[in-house]
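*Asks:* start.txt (compact mmCIF, C-alpha atoms) pasted underneath:
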# COMPACT_ATOMS: atom_id res chain seq x y z
CA MET A 8 -52.46 -2.34 5.88
CA GLN A 9 -53.58 1.18 6.69
CA PHE A 10 -52.92 3.35 9.77
CA ILE A 11 -55.22 6.36 10.09
CA LYS A 12 -54.27 8.94 12.75
CA VAL A 13 -52.93 6.22 15.02
CA SER A 14 -51.07 6.60 18.29
CA PRO A 15 -50.81 3.92 21.00
CA VAL A 16 -52.26 5.02 24.33
CA ARG A 17 -50.69 4.21 27.68
CA ASN A 18 -51.91 5.67 31.01
CA ASN A 19 -54.54 7.62 29.07
CA GLN A 20 -51.80 9.45 27.16
CA PRO A 21 -51.01 8.98 23.45
CA LEU A 22 -47.38 7.91 23.10
CA PHE A 23 -46.68 10.12 20.07
CA GLU A 24 -48.43 12.42 17.59
CA ASN A 25 -50.99 10.64 15.43
CA ILE A 26 -49.48 9.08 12.34
CA SER A 27 -51.14 8.00 9.11
CA PHE A 28 -49.65 5.80 6.44
CA THR A 29 -50.45 2.85 4.19
CA VAL A 30 -48.35 -0.24 3.52
CA ASN A 31 -49.01 -1.48 -0.01
CA PRO A 32 -48.43 -5.02 -1.31
CA GLY A 33 -44.78 -5.72 -2.03
CA GLU A 34 -43.70 -2.78 0.09
CA VAL A 35 -41.56 -2.50 3.23
CA VAL A 36 -42.33 0.52 5.39
CA ALA A 37 -39.95 1.25 8.23
CA VAL A 38 -41.04 2.92 11.46
CA MET A 39 -38.03 4.55 13.06
CA GLY A 40 -37.50 6.32 16.33
CA SER A 41 -35.39 6.25 19.46
CA SER A 42 -35.82 3.62 22.16
CA GLY A 43 -38.96 3.98 24.28
CA VAL A 44 -40.79 6.25 21.84
CA GLY A 45 -43.54 3.66 21.22
CA LYS A 46 -42.50 1.91 18.00
CA SER A 47 -43.14 -1.60 19.30
CA SER A 48 -46.40 -0.41 20.87
CA LEU A 49 -47.58 0.35 17.35
CA ILE A 50 -47.23 -3.36 16.54
CA SER A 51 -48.86 -4.28 19.87
CA CYS A 52 -51.90 -2.23 18.74
CA ILE A 53 -52.41 -4.94 16.10
CA THR A 54 -51.17 -8.07 17.88
CA GLU A 55 -52.43 -7.45 21.41
CA ASN A 56 -55.24 -4.94 20.75
CA LEU A 57 -53.36 -2.28 22.71
CA LEU A 58 -55.51 0.80 23.26
CA HIS A 59 -54.86 3.38 20.53
CA THR A 60 -56.31 6.44 18.85
CA GLY A 61 -57.41 6.37 15.22
CA GLU A 62 -58.01 3.29 13.14
CA ILE A 63 -55.92 0.42 11.82
CA LEU A 64 -57.28 -1.31 8.74
CA MET A 65 -55.95 -4.81 8.12
CA HIS A 66 -56.92 -7.40 5.56
CA GLY A 67 -58.33 -9.72 8.21
CA LYS A 68 -56.28 -10.95 11.19
CA ASN A 69 -53.84 -12.11 8.63
CA PHE A 70 -50.43 -11.27 10.01
CA GLN A 71 -47.26 -12.80 11.29
CA VAL A 72 -45.00 -11.20 13.88
CA PHE A 73 -41.25 -11.42 13.62
CA GLN A 74 -39.16 -10.40 16.62
CA GLU A 75 -35.59 -10.60 17.81
CA THR A 76 -36.39 -13.60 20.03
CA ASP A 77 -35.73 -16.99 18.51
CA GLN A 78 -38.84 -18.53 16.98
CA LEU A 79 -37.49 -21.85 15.72
CA PHE A 80 -38.34 -24.99 17.68
CA PRO A 81 -35.03 -26.57 18.76
CA TRP A 82 -36.42 -30.14 18.70
CA MET A 83 -37.10 -29.97 14.95
CA THR A 84 -34.75 -29.66 12.02
CA THR A 85 -34.83 -26.33 10.20
CA ILE A 86 -36.77 -27.81 7.25
CA LYS A 87 -39.47 -29.09 9.65
CA ASN A 88 -39.56 -25.61 11.19
CA LEU A 89 -40.09 -24.07 7.76
CA GLU A 90 -42.85 -26.57 6.96
CA LEU A 91 -44.80 -25.40 10.04
CA ALA A 92 -45.80 -22.36 7.97
CA GLY A 93 -47.43 -24.69 5.44
CA PRO A 94 -46.37 -26.48 2.28
CA GLY A 95 -44.07 -24.62 -0.06
CA ASN A 96 -40.98 -24.88 -2.16
CA TRP A 97 -38.78 -24.43 0.88
CA TYR A 98 -35.66 -26.01 -0.62
CA TYR A 99 -35.79 -23.57 -3.54
CA HIS A 100 -36.28 -20.54 -1.28
CA ALA A 101 -33.53 -21.71 1.10
CA GLU A 102 -31.22 -22.12 -1.86
CA GLN A 103 -31.97 -18.56 -2.98
CA TRP A 104 -31.05 -17.36 0.48
CA GLY A 105 -27.88 -19.51 0.59
CA ILE A 106 -29.00 -21.65 3.53
CA ALA A 107 -30.11 -24.84 1.76
CA HIS A 108 -27.12 -26.75 3.19
CA LEU A 109 -28.48 -26.09 6.70
CA LEU A 110 -31.95 -27.53 6.08
CA ASN A 111 -31.45 -30.79 7.98
CA LYS A 112 -29.67 -29.29 10.94
CA SER A 113 -31.02 -28.49 14.38
CA PRO A 114 -31.53 -24.77 15.10
CA ASP A 115 -29.34 -25.25 18.20
CA THR A 116 -26.33 -25.78 15.96
CA LEU A 117 -26.83 -22.58 13.93
CA SER A 118 -25.63 -19.03 14.57
CA VAL A 119 -28.09 -16.28 15.54
CA GLY A 120 -27.85 -14.81 12.02
CA GLN A 121 -28.58 -18.18 10.38
CA ARG A 122 -31.55 -18.76 12.68
CA GLN A 123 -32.96 -15.30 11.94
CA ARG A 124 -32.54 -15.97 8.23
CA PHE A 125 -34.65 -19.14 8.54
CA THR A 126 -37.30 -17.38 10.64
CA LEU A 127 -37.51 -14.49 8.21
CA LEU A 128 -37.67 -16.86 5.24
CA ARG A 129 -40.53 -18.77 6.89
CA ALA A 130 -42.42 -15.56 7.66
CA LEU A 131 -41.93 -14.27 4.14
CA TYR A 132 -43.16 -17.37 2.34
CA SER A 133 -45.97 -18.24 4.77
CA ASN A 134 -49.56 -17.77 3.65
CA ARG A 135 -50.01 -14.55 5.68
CA SER A 136 -50.08 -11.32 3.67
CA ASN A 137 -48.96 -8.92 6.44
CA LEU A 138 -45.64 -9.15 8.21
CA LEU A 139 -44.90 -7.17 11.36
CA CYS A 140 -41.18 -7.02 12.16
CA ASP A 141 -40.15 -5.69 15.57
CA GLU A 142 -36.40 -4.94 15.49
CA PRO A 143 -35.67 -8.46 14.26
CA LEU A 144 -32.01 -7.89 13.44
CA SER A 145 -30.93 -6.03 16.55
CA GLY A 146 -29.02 -9.07 17.79
CA VAL A 147 -27.14 -9.59 14.51
CA ASP A 148 -23.89 -7.86 13.44
CA TRP A 149 -24.25 -5.24 10.73
CA GLY A 150 -22.45 -7.26 8.03
CA THR A 151 -24.87 -10.18 8.43
CA ALA A 152 -27.87 -7.88 8.88
CA LYS A 153 -27.03 -6.10 5.59
CA ASN A 154 -26.99 -9.40 3.66
CA ILE A 155 -30.26 -10.51 5.24
CA LEU A 156 -31.92 -7.15 4.47
CA LYS A 157 -30.85 -7.27 0.81
CA LEU A 158 -32.30 -10.78 0.38
CA PHE A 159 -35.40 -9.89 2.34
CA CYS A 160 -36.28 -6.69 0.46
CA ASN A 161 -35.76 -8.36 -2.92
CA SER A 162 -38.05 -11.22 -1.89
CA VAL A 163 -40.79 -8.96 -0.48
CA ALA A 164 -41.37 -7.46 -3.93
CA GLU A 165 -41.83 -11.00 -5.37
CA THR A 166 -44.23 -12.15 -2.65
CA ASP A 167 -46.51 -9.06 -2.54
CA LYS A 168 -46.31 -9.05 1.25
CA ARG A 169 -47.05 -5.87 3.21
CA VAL A 170 -44.22 -5.39 5.68
CA LEU A 171 -44.05 -3.04 8.64
CA TRP A 172 -40.48 -2.93 9.96
CA VAL A 173 -39.80 -1.29 13.31
CA THR A 174 -36.19 -0.29 13.95
CA HIS A 175 -34.00 2.20 15.76
CA ASN A 176 -31.02 1.58 13.48
CA PRO A 177 -30.73 4.33 10.82
CA LYS A 178 -28.41 2.09 8.73
CA GLU A 179 -31.25 -0.38 8.09
CA VAL A 180 -33.69 2.09 6.55
CA GLN A 181 -31.69 2.53 3.31
CA PHE A 182 -33.11 -0.81 2.15
CA PHE A 183 -36.79 0.05 2.63
CA ASN A 184 -39.36 1.74 0.39
CA ARG A 185 -40.46 4.35 2.91
CA VAL A 186 -39.52 5.50 6.40
CA ILE A 187 -41.90 6.93 9.01
CA ASN A 188 -40.04 8.80 11.74
CA ILE A 189 -41.81 9.03 15.07
CA LYS A 190 -40.80 11.34 17.90
CA MET B 2 -25.71 -52.03 36.74
CA LYS B 3 -26.90 -50.32 39.95
CA ILE B 4 -30.17 -52.25 39.77
CA LEU B 5 -28.32 -55.55 39.34
CA LYS B 6 -26.09 -54.76 42.33
CA GLY B 7 -29.19 -53.91 44.39
CA PHE B 8 -30.86 -57.12 43.24
CA ALA B 9 -27.77 -59.14 44.22
CA ILE B 10 -27.77 -57.56 47.71
CA VAL B 11 -31.48 -58.44 48.10
CA LEU B 12 -30.71 -62.06 47.15
CA VAL B 13 -27.85 -62.31 49.66
CA LEU B 14 -29.94 -60.78 52.47
CA TRP B 15 -32.84 -63.06 51.54
CA GLN B 16 -30.68 -66.19 51.75
CA ALA B 17 -29.23 -65.03 55.07
CA GLY B 18 -32.79 -64.52 56.37
CA ALA B 19 -33.84 -67.95 55.10
CA TRP B 20 -30.92 -69.63 56.89
CA THR B 21 -31.71 -67.76 60.09
CA ILE B 22 -35.46 -68.55 60.10
CA ASN B 23 -34.92 -72.05 58.74
CA ASN B 24 -38.58 -72.60 57.86
CA HIS B 25 -39.38 -73.00 54.17
CA LEU B 26 -43.09 -72.29 54.78
CA ILE B 27 -42.23 -68.78 56.01
CA LEU B 28 -39.15 -67.87 54.00
CA PRO B 29 -37.80 -70.45 51.54
CA GLY B 30 -34.17 -70.15 50.35
CA ILE B 31 -33.18 -68.51 47.08
CA VAL B 32 -32.16 -71.87 45.56
CA ASP B 33 -35.60 -73.35 46.33
CA ILE B 34 -37.31 -70.31 44.81
CA PHE B 35 -35.21 -70.25 41.64
CA ALA B 36 -35.65 -74.03 41.25
CA ILE B 37 -39.35 -73.29 40.63
CA PHE B 38 -38.60 -70.92 37.71
CA PRO B 39 -38.25 -73.49 34.85
CA GLU B 40 -41.54 -75.07 35.84
CA LEU B 41 -43.19 -71.66 36.33
CA LEU B 42 -42.08 -70.31 32.96
CA THR B 43 -43.57 -73.29 31.16
CA ASN B 44 -46.80 -73.16 33.14
CA SER B 45 -49.50 -71.91 30.75
CA ASN B 46 -51.75 -70.72 33.62
CA PHE B 47 -48.96 -68.56 34.99
CA LEU B 48 -48.01 -67.16 31.56
CA TYR B 49 -51.67 -66.44 30.88
CA SER B 50 -51.92 -64.58 34.22
CA VAL B 51 -48.85 -62.45 33.43
CA GLY B 52 -50.20 -61.68 29.95
CA ASP B 53 -53.58 -60.85 31.44
CA THR B 54 -52.09 -58.41 33.96
CA LEU B 55 -49.76 -56.73 31.45
CA GLY B 56 -52.57 -56.54 28.87
CA GLN B 57 -54.85 -54.92 31.43
CA LEU B 58 -52.11 -52.46 32.41
CA ILE B 59 -51.53 -51.52 28.76
CA ILE B 60 -55.27 -50.88 28.32
CA CYS B 61 -55.17 -48.68 31.44
CA TRP B 62 -52.24 -46.76 30.00
CA ILE B 63 -53.92 -46.23 26.64
CA ILE B 64 -56.84 -44.71 28.58
CA ILE B 65 -54.45 -42.62 30.71
CA LEU B 66 -52.61 -41.27 27.65
CA ALA B 67 -55.85 -40.46 25.80
CA LEU B 68 -57.30 -38.65 28.84
CA LEU B 69 -54.02 -36.85 29.45
CA PHE B 70 -53.84 -35.66 25.84
CA ALA B 71 -57.44 -34.42 25.92
CA VAL B 72 -56.95 -32.59 29.24
CA LEU B 73 -53.71 -31.00 28.06
CA VAL B 74 -55.30 -29.82 24.79
CA VAL B 75 -58.15 -28.15 26.68
CA SER B 76 -55.81 -26.81 29.37
CA SER B 77 -53.47 -25.29 26.81
CA VAL B 78 -56.24 -23.04 25.47
CA ASN B 79 -58.29 -22.34 28.58
CA LYS B 80 -56.72 -21.10 31.82
CA PRO B 81 -59.80 -21.59 34.08
CA ILE B 82 -60.03 -25.24 32.98
CA ARG B 83 -56.28 -25.62 33.54
CA ASP B 84 -56.66 -24.21 37.06
CA LEU B 85 -59.63 -26.50 37.70
CA PHE B 86 -57.66 -29.61 36.71
CA LYS B 87 -54.68 -28.43 38.76
CA SER B 88 -56.90 -28.10 41.83
CA LEU B 89 -58.51 -31.50 41.19
CA ALA B 90 -55.12 -33.15 40.71
CA SER B 91 -53.74 -31.53 43.88
CA ILE B 92 -56.71 -32.82 45.89
CA LEU B 93 -56.95 -36.31 44.40
CA GLN B 94 -53.30 -37.15 43.73
CA PRO B 95 -52.36 -37.88 47.38
CA SER B 96 -55.45 -40.02 48.12
CA PRO B 97 -54.56 -43.73 48.43
CA THR B 98 -56.07 -46.22 45.97
CA PHE B 99 -57.70 -48.30 48.65
CA VAL B 100 -59.75 -45.35 49.84
CA TRP B 101 -61.50 -45.46 46.47
CA LEU B 102 -61.68 -49.27 46.15
CA PRO B 103 -64.99 -49.69 48.06
CA VAL B 104 -66.59 -46.80 46.16
CA PHE B 105 -65.75 -48.19 42.73
CA MET B 106 -66.54 -51.76 43.83
CA LEU B 107 -70.01 -50.64 44.93
CA ILE B 108 -70.60 -48.81 41.65
CA PHE B 109 -69.04 -51.20 39.12
CA GLY B 110 -68.85 -54.50 41.01
CA LEU B 111 -65.99 -56.93 41.46
CA ASN B 112 -64.65 -56.99 37.91
CA THR B 113 -61.98 -55.71 35.55
CA THR B 114 -63.81 -52.39 35.07
CA THR B 115 -63.18 -51.57 38.73
CA VAL B 116 -59.51 -52.50 38.39
CA THR B 117 -59.15 -50.43 35.19
CA ILE B 118 -60.81 -47.37 36.73
CA LEU B 119 -58.79 -47.66 39.94
CA VAL B 120 -55.46 -47.98 38.12
CA VAL B 121 -56.32 -45.04 35.84
CA PHE B 122 -57.58 -43.02 38.79
CA THR B 123 -54.45 -43.73 40.86
CA SER B 124 -51.95 -42.94 38.12
CA ILE B 125 -53.48 -40.08 36.16
CA TRP B 126 -53.52 -37.40 38.88
CA PHE B 127 -49.83 -37.81 39.61
CA VAL B 128 -48.88 -37.43 35.93
CA LEU B 129 -51.45 -34.72 35.34
CA ILE B 130 -50.32 -32.35 38.06
CA ASN B 131 -46.71 -32.54 36.91
CA CYS B 132 -47.71 -32.17 33.26
CA LEU B 133 -49.90 -29.14 33.98
CA VAL B 134 -47.12 -27.36 35.87
CA THR B 135 -44.69 -28.08 33.02
CA LEU B 136 -47.30 -27.07 30.45
CA GLU B 137 -47.60 -23.64 32.09
CA PHE B 138 -43.87 -23.13 31.72
CA SER B 139 -44.01 -24.31 28.12
CA LEU B 140 -46.96 -22.02 27.37
CA SER B 141 -45.15 -18.98 28.77
CA LYS B 142 -42.24 -19.71 26.45
CA TRP B 143 -43.90 -21.01 23.28
CA GLN B 144 -47.56 -19.97 23.17
CA LYS B 145 -46.86 -16.73 21.28
CA HIS B 146 -44.85 -18.62 18.67
CA CYS B 147 -47.63 -21.19 18.20
CA LYS B 148 -50.21 -18.44 17.74
CA ASN B 149 -47.86 -16.69 15.35
CA LEU B 150 -47.65 -19.86 13.27
CA CYS B 151 -51.47 -20.26 13.44
CA LEU B 152 -51.17 -23.76 14.92
CA ASN B 153 -54.45 -25.14 16.27
CA PRO B 154 -54.54 -26.43 19.90
CA VAL B 155 -53.89 -30.07 18.91
CA GLN B 156 -51.02 -29.09 16.59
CA SER B 157 -49.58 -26.77 19.26
CA LEU B 158 -49.62 -29.56 21.83
CA TRP B 159 -48.30 -32.25 19.49
CA LEU B 160 -45.65 -30.20 17.68
CA CYS B 161 -44.59 -27.79 20.38
CA TYR B 162 -45.66 -28.24 24.00
CA LEU B 163 -45.21 -32.03 24.26
CA PRO B 164 -41.73 -32.06 22.66
CA SER B 165 -40.68 -29.19 24.93
CA MET B 166 -41.92 -31.19 27.94
CA LYS B 167 -40.61 -34.60 26.88
CA SER B 168 -37.94 -35.11 29.57
CA VAL B 169 -40.47 -34.29 32.32
CA LEU B 170 -43.12 -36.44 30.63
CA LEU B 171 -40.85 -39.48 30.39
CA ALA B 172 -39.74 -39.14 34.03
CA ASN B 173 -43.38 -38.90 35.13
CA PHE B 174 -44.48 -41.79 32.93
CA LYS B 175 -41.79 -43.97 34.48
CA THR B 176 -42.85 -43.18 38.04
CA SER B 177 -46.51 -43.47 37.18
CA TRP B 178 -46.07 -46.79 35.33
CA ASN B 179 -44.39 -48.19 38.47
CA LEU B 180 -47.29 -46.92 40.55
CA SER B 181 -49.78 -48.56 38.15
CA TRP B 182 -47.84 -51.84 38.21
CA ARG B 183 -47.86 -51.95 42.01
CA THR B 184 -51.53 -50.93 42.13
CA ILE B 185 -52.72 -53.57 39.67
CA ILE B 186 -50.84 -56.36 41.49
CA ALA B 187 -52.21 -55.20 44.85
CA LEU B 188 -55.75 -55.10 43.46
CA GLU B 189 -55.36 -58.56 41.97
CA VAL B 190 -54.23 -59.91 45.34
CA VAL B 191 -57.28 -58.37 47.01
CA PHE B 192 -59.56 -59.71 44.27
CA GLY B 193 -57.85 -63.09 44.61
CA VAL B 194 -58.61 -63.18 48.32
CA ILE B 195 -62.23 -62.20 47.72
CA GLY B 196 -62.56 -65.02 45.21
CA ASN B 197 -62.69 -63.44 41.81
CA HIS B 198 -59.49 -65.09 40.47
CA TRP B 199 -57.79 -62.99 37.86
CA GLY B 200 -54.19 -61.96 36.92
CA VAL B 201 -50.79 -62.48 38.55
CA GLY B 202 -51.83 -61.23 42.00
CA SER B 203 -54.83 -63.58 42.14
CA TYR B 204 -52.75 -66.49 40.85
CA MET B 205 -50.26 -65.79 43.65
CA VAL B 206 -53.08 -66.08 46.22
CA THR B 207 -54.16 -69.42 44.68
CA VAL B 208 -50.59 -70.73 44.91
CA LYS B 209 -50.34 -69.60 48.53
CA GLU B 210 -53.58 -71.38 49.38
CA LYS B 211 -52.00 -74.59 48.01
CA MET B 212 -49.04 -73.94 50.39
CA ASP B 213 -46.62 -73.62 47.44
CA ILE B 214 -44.71 -70.89 49.29
CA ALA B 215 -41.58 -71.16 47.12
CA GLU B 216 -43.73 -70.71 43.99
CA MET B 217 -45.47 -67.73 45.58
CA TYR B 218 -42.11 -66.05 46.23
CA ALA B 219 -40.94 -67.00 42.74
CA MET B 220 -43.94 -65.08 41.40
CA LEU B 221 -43.00 -62.12 43.57
CA PHE B 222 -39.56 -62.22 41.95
CA VAL B 223 -41.17 -62.33 38.51
CA ILE B 224 -43.17 -59.21 39.42
CA LEU B 225 -39.94 -57.56 40.62
CA ILE B 226 -38.09 -58.54 37.43
CA ILE B 227 -40.89 -57.18 35.20
CA GLY B 228 -40.71 -53.91 37.19
CA ILE B 229 -36.93 -53.73 36.74
CA VAL B 230 -37.18 -54.47 32.99
CA SER B 231 -39.85 -51.80 32.45
CA ASN B 232 -37.69 -49.31 34.39
CA ALA B 233 -34.73 -50.18 32.18
CA ILE B 234 -36.89 -49.63 29.05
CA PHE B 235 -37.95 -46.18 30.31
CA ASP B 236 -34.32 -45.31 31.15
CA TYR B 237 -33.26 -46.36 27.66
CA ILE B 238 -35.95 -44.25 25.98
CA THR B 239 -35.16 -41.23 28.20
CA GLU B 240 -31.44 -41.49 27.49
CA LYS B 241 -31.99 -42.01 23.76
CA LYS B 242 -34.36 -39.04 23.46
CA TYR B 243 -32.04 -36.84 25.49
CA VAL B 244 -29.03 -37.76 23.36
CA SER B 245 -30.85 -37.26 20.05
CA PHE B 246 -32.13 -33.90 21.29
CA ASN B 247 -28.64 -32.63 22.04
CA SER B 248 -26.56 -34.22 19.35
CA SER B 249 -28.15 -33.05 16.13
CA PRO B 250 -25.86 -33.16 13.08
CA ARG B 251 -23.52 -30.19 12.91
Please express what this file holds, its structure, as structure tokens.

*Replies:*
Amino acid sequence: MQFIKVSPVRNNQPLFENISFTVNPGEVVAVMGSSGVGKSSLISCITENLLHTGEILMHGKNFQVFQETDQLFPWMTTIKNLELAGPGNWYYHAEQWGIAHLLNKSPDTLSVGQRQRFTLLRALYSNRSNLLCDEPLSGVDWGTAKNILKLFCNSVAETDKRVLWVTHNPKEVQFFNRVINIK
Amino acid sequence: MKILKGFAIVLVLWQAGAWTINNHLILPGIVDIFAIFPELLTNSNFLYSVGDTLGQLIICWIIILALLFAVLVVSSVNKPIRDLFKSLASILQPSPTFVWLPVFMLIFGLNTTTVTILVVFTSIWFVLINCLVTLEFSLSKWQKHCKNLCLNPVQSLWLCYLPSMKSVLLANFKTSWNLSWRTIIALEVVFGVIGNHWGVGSYMVTVKEKMDIAEMYAMLFVILIIGIVSNAIFDYITEKKYVSFNSSPR
């Protein structure tokens, strides 16, 4: 995933100075900046073809978006939700993440942190090679977020996924390979 | 319980009316009507008629469900088509069945095809308009997630939109089934009068022509009881689905 001199454009104005960076396989690159600076618009350039300067090179339209909003279907058990991403050794992965005992429960009965853990696990082990995360842990307390980030960053290296992580929380970036600050 | 109470009130009022009129050829008493039941329930012609009507209604509903599924799949991916079906449903849903009866009779003749098409035509628009409105709400909430999971239109509808709409779907199916049941009986009565004897409604006309008024009313009660039973089945399914949706293991 490569960004070459990219800046999202709104009202004919670029939102920030052009940025260039590459996200390599097995790497998590964080994009950090204050609220309203245009971090999420950078993701929208890929997902919604938002007008932008420069060029974004992707390996096909092969990406999954992960946001703060809940993405688990409440009428299915969590294991069925995981299986929506395709076949996989979901029990093993859930065990690694310490959530195997919640596999047959309804998402409605889980906490926000547990639900985000399942969603992130599904995104990570799906068959998509690019993962776009838009402040996914902003609704989770820092203690839980820290545990999720540790598990997540360890697993990214195993899966060779390219991850772009947008955040405004400076505490989160310590876990990532690189940080791009936008102003 | 409410239905049974309502049914009991109808029986009491009926008997009071029968005593007042005091003419068994106009309104026979409840006892006379229920005395027919043992004979009626062992009458193979009657049982065949009931089976025929219910079988025909089930065929109609298989067609309705297949059409509904196809329209919802297309509507979930294409907004202009969704708008087109919404407009069609808004126009056609309020039109009475009997407005269309001559048209379909002229095209298809006096046969079961006409009845099938009329029942499907009467019921589908009502369900469709409600389903399309609910689908729009479901799309606004879940479409992004389905795209994110790379679900195809059929998978999206089957795994996401339909489960999210299930309480509305069941309520609409119940109302629409009742509408179909009433329509098919009414059509059979009309077809019975015209001479093409077929189904419960037509059998009722035959009985009336033989002046078996008590038997005719007994058949009306059978129709009523089948309607109440099918309502109870829908209520049971709705309640069961609702409970299972909200009481997942903790």

*Asks:* How big is the axis-aligned box around all listed atoms of segment 78-86 of chain B once 8 Å goes on each side, and where's its centre, in Å to one decimal, as lines of an AutoDock Vina configuration file?

*Replies:*
center_x = -58.1
center_y = -25.4
center_z = 31.6
size_x = 19.8
size_y = 24.5
size_z = 28.2

*Asks:* Report, in Å with one decimal, the straight-line distance from atom CA of Arg185 of chain A to atom CA of Thr29 of chain A.

*Replies:*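 Between atom CA of Arg185 of chain A and atom CA of Thr29 of chain A the gap is 10.2 Å.
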
*Asks:* What gap, in Å, lies between atom CA of Asn31 of chain A and atom CA of Thr54 of chain A?

*Replies:*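 The value is 19.2 Å.
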
*Asks:* Choose the residue, out of A:Asn69, A:Asn188, A:Gln9, A:Thr151, that has the smallest atom-to-atom separation from Gly120 of chain A; count only C-alpha atoms.

*Replies:*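 Answer, going by the shortest atom-to-atom distance: A:Thr151.
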
*Asks:* Ranking B:Leu48, B:Leu163, B:Cys147, B:Val206 by minimum distance to Gly193 of chain B and counting all atoms listed in the file, which one comes first?

*Replies:*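 For Gly193 of chain B, the nearest of the candidates is B:Val206.
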
*Asks:* Counting only C-alpha atoms, a student should be able to say which residues of chain A come within 6 Å of chain B; what is the right answer, written as number ranges by chain?

*Replies:* A: 71, 112-113

*Asks:* Hey, can you check how far atom CA of Val100 of chain B sits from atom CA of Ser124 of chain B?

*Replies:*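 Distance reported for this atom pair: 14.3 Å.
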
*Asks:* Please list as a ChimeraX atom specification every residue within 12 Å of Lys3 of chain B, counting only C-alpha atoms and excluding residues in the same chain fewer than 6 positions away.

*Replies:* /B:9-10,229,233

*Asks:* Considering only C-alpha atoms, can you say which of B:Ile227, B:Ile186, B:Met217, B:Met106 comes closest to Ile27 of chain B?

*Replies:*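 Nearest candidate to Ile27 of chain B out of B:Ile227, B:Ile186, B:Met217, B:Met106: B:Met217.
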
*Asks:* Just want the 9 Å neighbourhood of segment 148-150 of chain A, counted on all atoms listed in the file, with same-chain residues fewer than 4 positions away dropped. Output as a PyMOL selection string.

*Replies:* chain A and resi 120+144+154-155+178-179

*Asks:* Return segment 13-24 of chain A, completed with N, CA, C and O atoms, as an mmCIF file, in the coordinates of the input.

*Replies:*
data_model
loop_
_atom_site.group_PDB
_atom_site.id
_atom_site.type_symbol
_atom_site.label_atom_id
_atom_site.label_comp_id
_atom_site.auth_asym_id
_atom_site.auth_seq_id
_atom_site.Cartn_x
_atom_site.Cartn_y
_atom_site.Cartn_z
ATOM 1 N N VAL A 13 -53.113 7.198 13.942
ATOM 2 C CA VAL A 13 -52.930 6.220 15.020
ATOM 3 C C VAL A 13 -51.839 6.673 15.993
ATOM 4 O O VAL A 13 -50.794 7.189 15.583
ATOM 5 N N SER A 14 -52.101 6.481 17.257
ATOM 6 C CA SER A 14 -51.070 6.600 18.290
ATOM 7 C C SER A 14 -51.448 5.642 19.425
ATOM 8 O O SER A 14 -52.582 5.666 19.903
ATOM 9 N N PRO A 15 -50.499 4.805 19.864
ATOM 10 C CA PRO A 15 -50.810 3.920 21.000
ATOM 11 C C PRO A 15 -51.044 4.765 22.252
ATOM 12 O O PRO A 15 -50.430 5.822 22.403
ATOM 13 N N VAL A 16 -51.933 4.270 23.107
ATOM 14 C CA VAL A 16 -52.260 5.020 24.330
ATOM 15 C C VAL A 16 -51.825 4.203 25.547
ATOM 16 O O VAL A 16 -52.141 3.022 25.652
ATOM 17 N N ARG A 17 -51.058 4.851 26.400
ATOM 18 C CA ARG A 17 -50.690 4.210 27.680
ATOM 19 C C ARG A 17 -50.953 5.223 28.788
ATOM 20 O O ARG A 17 -50.607 6.397 28.646
ATOM 21 N N ASN A 18 -51.541 4.780 29.881
ATOM 22 C CA ASN A 18 -51.910 5.670 31.010
ATOM 23 C C ASN A 18 -52.724 6.872 30.518
ATOM 24 O O ASN A 18 -52.447 8.008 30.920
ATOM 25 N N ASN A 19 -53.650 6.589 29.625
ATOM 26 C CA ASN A 19 -54.540 7.620 29.070
ATOM 27 C C ASN A 19 -53.796 8.701 28.289
ATOM 28 O O ASN A 19 -54.343 9.778 28.064
ATOM 29 N N GLN A 20 -52.579 8.459 27.922
ATOM 30 C CA GLN A 20 -51.800 9.450 27.160
ATOM 31 C C GLN A 20 -51.340 8.816 25.844
ATOM 32 O O GLN A 20 -50.788 7.708 25.857
ATOM 33 N N PRO A 21 -51.569 9.517 24.698
ATOM 34 C CA PRO A 21 -51.010 8.980 23.450
ATOM 35 C C PRO A 21 -49.474 9.031 23.510
ATOM 36 O O PRO A 21 -48.913 9.984 24.051
ATOM 37 N N LEU A 22 -48.850 7.994 22.981
ATOM 38 C CA LEU A 22 -47.380 7.910 23.100
ATOM 39 C C LEU A 22 -46.667 8.882 22.156
ATOM 40 O O LEU A 22 -45.566 9.328 22.425
ATOM 41 N N PHE A 23 -47.271 9.161 21.006
ATOM 42 C CA PHE A 23 -46.680 10.120 20.070
ATOM 43 C C PHE A 23 -47.790 10.766 19.244
ATOM 44 O O PHE A 23 -48.960 10.372 19.355
ATOM 45 N N GLU A 24 -47.422 11.755 18.428
ATOM 46 C CA GLU A 24 -48.430 12.420 17.590
ATOM 47 C C GLU A 24 -49.043 11.404 16.623
ATOM 48 O O GLU A 24 -48.353 10.496 16.160
#
